[in-house]
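Report on the structure given below.
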Amino acid sequence: MSCIFRRYFSVLVFISSVSVFSQHPDTLNVSEPLYEKNTDSLPVEEVLENITVSPLIVEDEKDRQRFWVDSIYNKMTLKEKVGQLFMVDVFSSKPKKETDKIKRLIEEFHIGGIIFSKGGPNRQAKLNNEYQELSKVPLMIGMDAEWGLAMRLDSTKAFPWNMTLGAIQDNSLIEETGQQIAKHCKRLGVHINFAPVVDMNTNPKNPIIGNRSFGEEKDNVTEKALAFMKGMQKEGVLASAKHFPGHGDTDSDSHKTLPTINFDEKRIDSVELYPYRKLIKEGLSSVMVAHLNIPSLEPRSGYPSSISENVVTNILQDSLNFEGLVITDALNMKGASDFKAPGDIDLAAFKAGNDILLISEDVPLASQKIISAYYAGEISEKRLSRSVKKILMAKYKVGLHSYKPIQSEYLIEELNSIANEILHHKLVENSLTLLKNERAILPVKNLDLKKIAYVSLGDDSGEVFLEELNKYTKVDWVKGNQLPDILEQLKNYNYVIVGLHKSNANPWKDYRFKDKELVWLYEIARLNNTVLSVFSRPYAMLDLQTTTNFEGILMSYQNSKVAQEKAAQLLFGAIEAKGKLPVSLGMDFPLGTGLETRSLKRLAYGIPETVGMNSHKLQRIDSVVNIALKENMTPGVQLMVARKGKVIFNKNYGYHTYAKSRKVRGSDIYDLASLTKILATLPLTMELKDNGILSLDSRVGELLPSFQDSNKKDITVRSMLSHYARLRAWIPFFLKTLDSVTTKPDKKYYRNKRSDDYNIRVTGNLYLRSDMKDSLMLRIKDSELRKRLSYKYSDLPYYMMKSFIEDHYGNNLDALTQQHFYRGIGASNMGYLPINRFKKKRIVPTENDQAYRKEIIHGYVHDQGAAMFGGIGGHAGLFANANDVTKIMQMYLNGGYYGGKQYISPETIAEFNTCSYCHKKVRRGVGFDKPQLGDIGPTCGCISMNSYGHSGFTGTFTWADPDEEIIYVFLSNRTFPDSANRKLISNDIRSEIQRLIYEAINY
């Protein structure tokens, strides 16, 4: 701040206060000076003695504003007054010799403002402070931040473009967007945002507006613009509606030429001016006047609207009663600069009634011409004071009467807060527009009957979309350079998703289909069940001659990461379709088209704060996991947390092994060990209970006739699955099959090649005798019961339940779990025998087994007993990634419902989630583990007793809490290379993470 301004400011500080922004235009009115005494040469004390402040000044905010404005204005020379009219552009990305040129304009020509363009926030903040320090009167700082600071700056947030926002039906979200962008502006010292665009894009070929418009319909555009304006001005940032009187129906760009609007005055009054009336009435701060040729409003041929007195003064200010700031569009644009020479265009613009002359090509020349016109009597003092005082009044209102420099500390962090992401996700979710949905093809149902392919069109990446699709089920990317090759591959699929992915770099990028792509699209659409998702400007649809063969069409508007993610979630029914088309797309899709869908209660993916969790607190999990990795408790971890049906924490840590040759990825498959009990055997058991095949009081002798003469015949399903049935913990079957001398698998039982007599595959080159399964079951039947009835965790019930289930259906658990649950739920990475379905590199090894198989166990089940049953056990053998485990647990939390299907009744899940023997100090439910009854147990001890889950020997854990609607999944291979490594368990890592999850709940 200059010494002159600081001195003057000290006089006024006692009657000034930080302004509260008013939304009424009359607060920008000017008045006559409140005092006339010249205090230029007087010391501060004498100035104070010679100023009489009336009670009105102290008591009335408008009078305080007028006092400040008048006192500043009365101290200005003519050159300083004229300087206030200019707002010059600065690129903070430019070298110092370029940015220093602005300093001369500040010091010698006293410019009133700066509009920052391309650069970065830290560089801009530094320049801003430097420029403000040089200026006698604080500079008004402007920016084009229509969709956020990212329109001009790196390292800042880009919100969706206006066309995307135009599809949203909840206008409070638009207001929230304006408010959030204004917060960013204020943090960076920006006082006026040249937004919102209120042009109605009634011409699909408009090259410059397009996505910058809220749409083509005047009410929708007006409502959105009004909400955006209110949001900004609520935060004390001036809004600027543009481009007056309307740039929406042009086919040329005023940056390059002077576009013509050929509508009559009546049409312009009823359409183009419609939003301005409403925004002005609600307190619009400023209007930007476009460079347009409008014969009906300005009879002089080729005369730009920006310098037309009829447009700027007669219509905007007199007819529409606008008393706020009137700003020209950039005067270096060809629409203006081609008409008059530098300086002359500035003078003409001011004479027409504009207050601020934006981006003059020659400020010194323009300043001189205006001053000369003033002395020549072409510009009156009243005219000059009106504009300058309006500018000063605006500066007061944005707080420049109490200017403070920008603080650079944490600037980037504050401009990129989690609030941005929360809002962005909400905006995209609410914008997605379903244009077509024949036979209710969307959301995708019955995944067990679908084989889905994805075909990518366009010049931008669709990898995020594909990755998100694959979170729901297996979706194959079909690629090829020739159409016949593509069509041949697609014959193997019965459901095709086509994505048109166009650049999201800016709203002016090419959005159309290429001719080749149209040919491909028509041919692909001849196949059954084709869904098109358009990640581009909606006008891309106008390229299609027909959409007859498409069963589904989703308009996603942009190819941002969030748009791709949310589109995939909508296609699979995790979120609902809510948007309405803001423009018309031919006869098939008129304005307002938008079909609604219902959620299928599949998992969604999003931000913790949207479900009442704290992102920053959840980040503490990283520290705990990193300690586990550093201390060699496990080579790697997959970790997932979901709440209220939404995955809000999904991270992968470390490597497959300590060799660190392959990082853990989300698609990697872990041996789930005992999680198999609740993810494979238990759901099949509950299904049988629902179907009346068994009850919790069914006895082993009833289920397995061969056990009728055993000591286990009267054990009930309830007691044995609650681990309260006197059963032994486990039987080390493999020990009796080892050579007593070499301790290697005995050739009496094993062969290295498969045959009819040796067909139970234990590992890659090890096959067990075919009759061993019967022998093993016989050993279970004849095993002794423990003498005392008490809690004892046991694997044996799951051998018995497996035998019953497989006998009942005549099929093995691998096939049954796929048919009954996994395929329908979309758990495409879950199942037994992973080596038969996945590349080995995706499967995480479990142990260098020197006790039994004498090799690294990789792709085969770790548990010895399950291995001796061919890798398919009731208690172990299941493999999956964290995402698929979460799906099954979410199905439980949904009361047995998932993806549009009721798999298990809520009543049955509740019955199995009951601690039947708590009174006997047995914490377990029926199959499910439950929280500890005392001090020691499987959980953090900080969760509901209604919660349930299980842990696994290999270092796995999953837990679901219906009270807080939280699911926690932790997958690891702590057993590698040696299962004797119990550091993960002894350090209680999994429970500590669970504690952190619950501490992250925002109560």
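Quick note on naming: the chains in the structure tokens go A, B, ... in the order shown, residues restart at 1 in each chain, and ligands are numbered from 1 in order of appearance.
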
Among range 808-925 of chain A, which ones does DSSP assign to strand (DSSP E) (computed from the backbone)? Answer as number ranges by chain.
A: 847-849, 855-857, 879-880, 897-898, 901-902

Using only C-alpha atoms, which protein or nucleic acid residues come within 12 Å of Ile805 in chain A? Drop anything in the same chain fewer than 6 positions from it, and give the result as a PyMOL selection string.
chain A and resi 680-689+693-694+703-704+798-799+811-817+873-874

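Comparing the minimum interatomic distances between Glu907 in chain A and each of A:Asp807, A:Asp690, A:Asp935, A:Glu847, counting only C-alpha atoms, we find that A:Asp690 sits nearest.
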
Determine, counting only C-alpha atoms, which protein, DNA and RNA residues have an atom within 9 Å of an atom of His255 in chain A; residues of the same chain fewer than 4 positions away are not included. Present the result as a list in words.
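Here the answer would be Ile208, His291, Ala330, Asn332, Met333, Lys334, Gly335 and Ala336 of chain A.
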
Let me see the file: selected residues, N, CA and C atoms, as a short mmCIF file (atom, residue, chain, number, x, y, z; two decimals), in the first residue's frame.
```
data_model
loop_
_atom_site.label_atom_id
_atom_site.label_comp_id
_atom_site.auth_asym_id
_atom_site.auth_seq_id
_atom_site.Cartn_x
_atom_site.Cartn_y
_atom_site.Cartn_z
N ILE A 208 -17.76 -20.44 -29.72
CA ILE A 208 -17.11 -19.85 -28.56
C ILE A 208 -17.92 -19.99 -27.27
N HIS A 291 -18.86 -7.79 -28.05
CA HIS A 291 -18.58 -7.18 -29.34
C HIS A 291 -19.42 -7.91 -30.40
N ALA A 330 -13.07 -7.81 -23.71
CA ALA A 330 -11.69 -7.42 -23.97
C ALA A 330 -11.57 -6.60 -25.25
N ASN A 332 -8.99 -5.96 -26.93
CA ASN A 332 -8.01 -6.45 -27.89
C ASN A 332 -8.57 -7.57 -28.76
N MET A 333 -9.84 -7.93 -28.55
CA MET A 333 -10.49 -8.94 -29.38
C MET A 333 -10.77 -8.34 -30.76
N LYS A 334 -10.71 -9.18 -31.77
CA LYS A 334 -10.88 -8.70 -33.14
C LYS A 334 -12.25 -8.07 -33.37
N GLY A 335 -13.25 -8.53 -32.59
CA GLY A 335 -14.57 -7.95 -32.74
C GLY A 335 -14.61 -6.47 -32.44
N ALA A 336 -13.61 -6.00 -31.66
CA ALA A 336 -13.52 -4.57 -31.35
C ALA A 336 -12.32 -3.92 -32.01
#
```

Counting only C-alpha atoms, what is within 8 Å of range 723-732 of chain A, bar same-chain residues fewer than 5 positions away, as a list of chain:residue names?
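Result of the neighbour search: A:Ile715, A:Ile780, A:Ser783, A:Glu784, A:Leu785, A:Arg786, A:Lys787, A:Arg788, A:Leu789, A:Ser790, A:Tyr791, A:Lys792, A:Tyr793, A:Ser794, A:Asp795, A:Leu796, A:Gln864, A:Gly865, A:Tyr917, A:Val922, A:Arg924.
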
For the residues in that selection, give me N, CA and C atoms as a compact mmCIF listing (two decimals), in the first residue's frame.
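Result saved to result09.txt:
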```txt
# COMPACT_ATOMS: atom_id res chain seq x y z
N ILE A 715 -25.30 -83.08 16.96
CA ILE A 715 -24.82 -81.68 16.94
C ILE A 715 -25.65 -80.88 15.95
N ILE A 780 -12.85 -87.24 10.00
CA ILE A 780 -13.66 -86.24 10.71
C ILE A 780 -14.79 -86.93 11.47
N SER A 783 -13.43 -88.66 14.54
CA SER A 783 -12.63 -87.88 15.49
C SER A 783 -13.35 -87.77 16.83
N GLU A 784 -12.57 -87.73 17.88
CA GLU A 784 -13.13 -87.62 19.23
C GLU A 784 -13.65 -86.21 19.49
N LEU A 785 -14.63 -86.15 20.34
CA LEU A 785 -15.12 -84.86 20.79
C LEU A 785 -14.34 -84.41 22.01
N ARG A 786 -14.23 -83.14 22.16
CA ARG A 786 -13.59 -82.60 23.35
C ARG A 786 -14.44 -82.93 24.57
N LYS A 787 -13.80 -83.14 25.66
CA LYS A 787 -14.51 -83.62 26.85
C LYS A 787 -15.45 -82.57 27.43
N ARG A 788 -15.02 -81.32 27.36
CA ARG A 788 -15.81 -80.26 28.00
C ARG A 788 -16.49 -79.40 26.94
N LEU A 789 -17.77 -79.11 27.20
CA LEU A 789 -18.52 -78.24 26.29
C LEU A 789 -18.16 -76.79 26.59
N SER A 790 -17.44 -76.18 25.67
CA SER A 790 -17.04 -74.77 25.81
C SER A 790 -16.72 -74.25 24.42
N TYR A 791 -16.46 -72.95 24.37
CA TYR A 791 -16.13 -72.35 23.07
C TYR A 791 -14.79 -72.87 22.57
N LYS A 792 -14.79 -73.36 21.33
CA LYS A 792 -13.55 -73.77 20.67
C LYS A 792 -13.70 -73.56 19.17
N TYR A 793 -12.91 -72.63 18.64
CA TYR A 793 -12.99 -72.36 17.21
C TYR A 793 -12.55 -73.59 16.44
N SER A 794 -13.35 -73.98 15.43
CA SER A 794 -13.08 -75.23 14.70
C SER A 794 -13.37 -75.08 13.22
N ASP A 795 -12.52 -75.71 12.39
CA ASP A 795 -12.76 -75.78 10.95
C ASP A 795 -13.69 -76.92 10.57
N LEU A 796 -13.84 -77.91 11.47
CA LEU A 796 -14.54 -79.14 11.09
C LEU A 796 -16.00 -78.94 10.67
N GLN A 864 -3.76 -76.47 4.23
CA GLN A 864 -3.43 -77.83 3.82
C GLN A 864 -4.67 -78.70 3.64
N GLY A 865 -5.62 -78.58 4.56
CA GLY A 865 -6.82 -79.38 4.45
C GLY A 865 -7.61 -79.06 3.20
N TYR A 917 -25.07 -68.15 22.17
CA TYR A 917 -24.48 -68.70 23.39
C TYR A 917 -23.68 -67.64 24.15
N VAL A 922 -19.72 -67.35 24.80
CA VAL A 922 -19.34 -67.63 23.41
C VAL A 922 -19.78 -66.43 22.58
N ARG A 924 -19.51 -65.79 19.40
CA ARG A 924 -19.79 -66.01 17.98
C ARG A 924 -21.28 -66.01 17.66
```

Within 12 Å of Lys266 in chain A using only C-alpha atoms, minus same-chain residues under 6 positions, as a PyMOL selection string
chain A and resi 272-274+296-297

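Note that CA of Asn883 in chain A and CA of Gly941 in chain A are 24.8 Å apart.
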
Given only C-alpha atoms as the counted atoms, nearest of A:Lys773, A:His184, A:Arg853, A:Lys841 to Asp668 in chain A
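Checking each of A:Lys773, A:His184, A:Arg853, A:Lys841 against Asp668 in chain A, counting only C-alpha atoms, the winner is A:Lys841.
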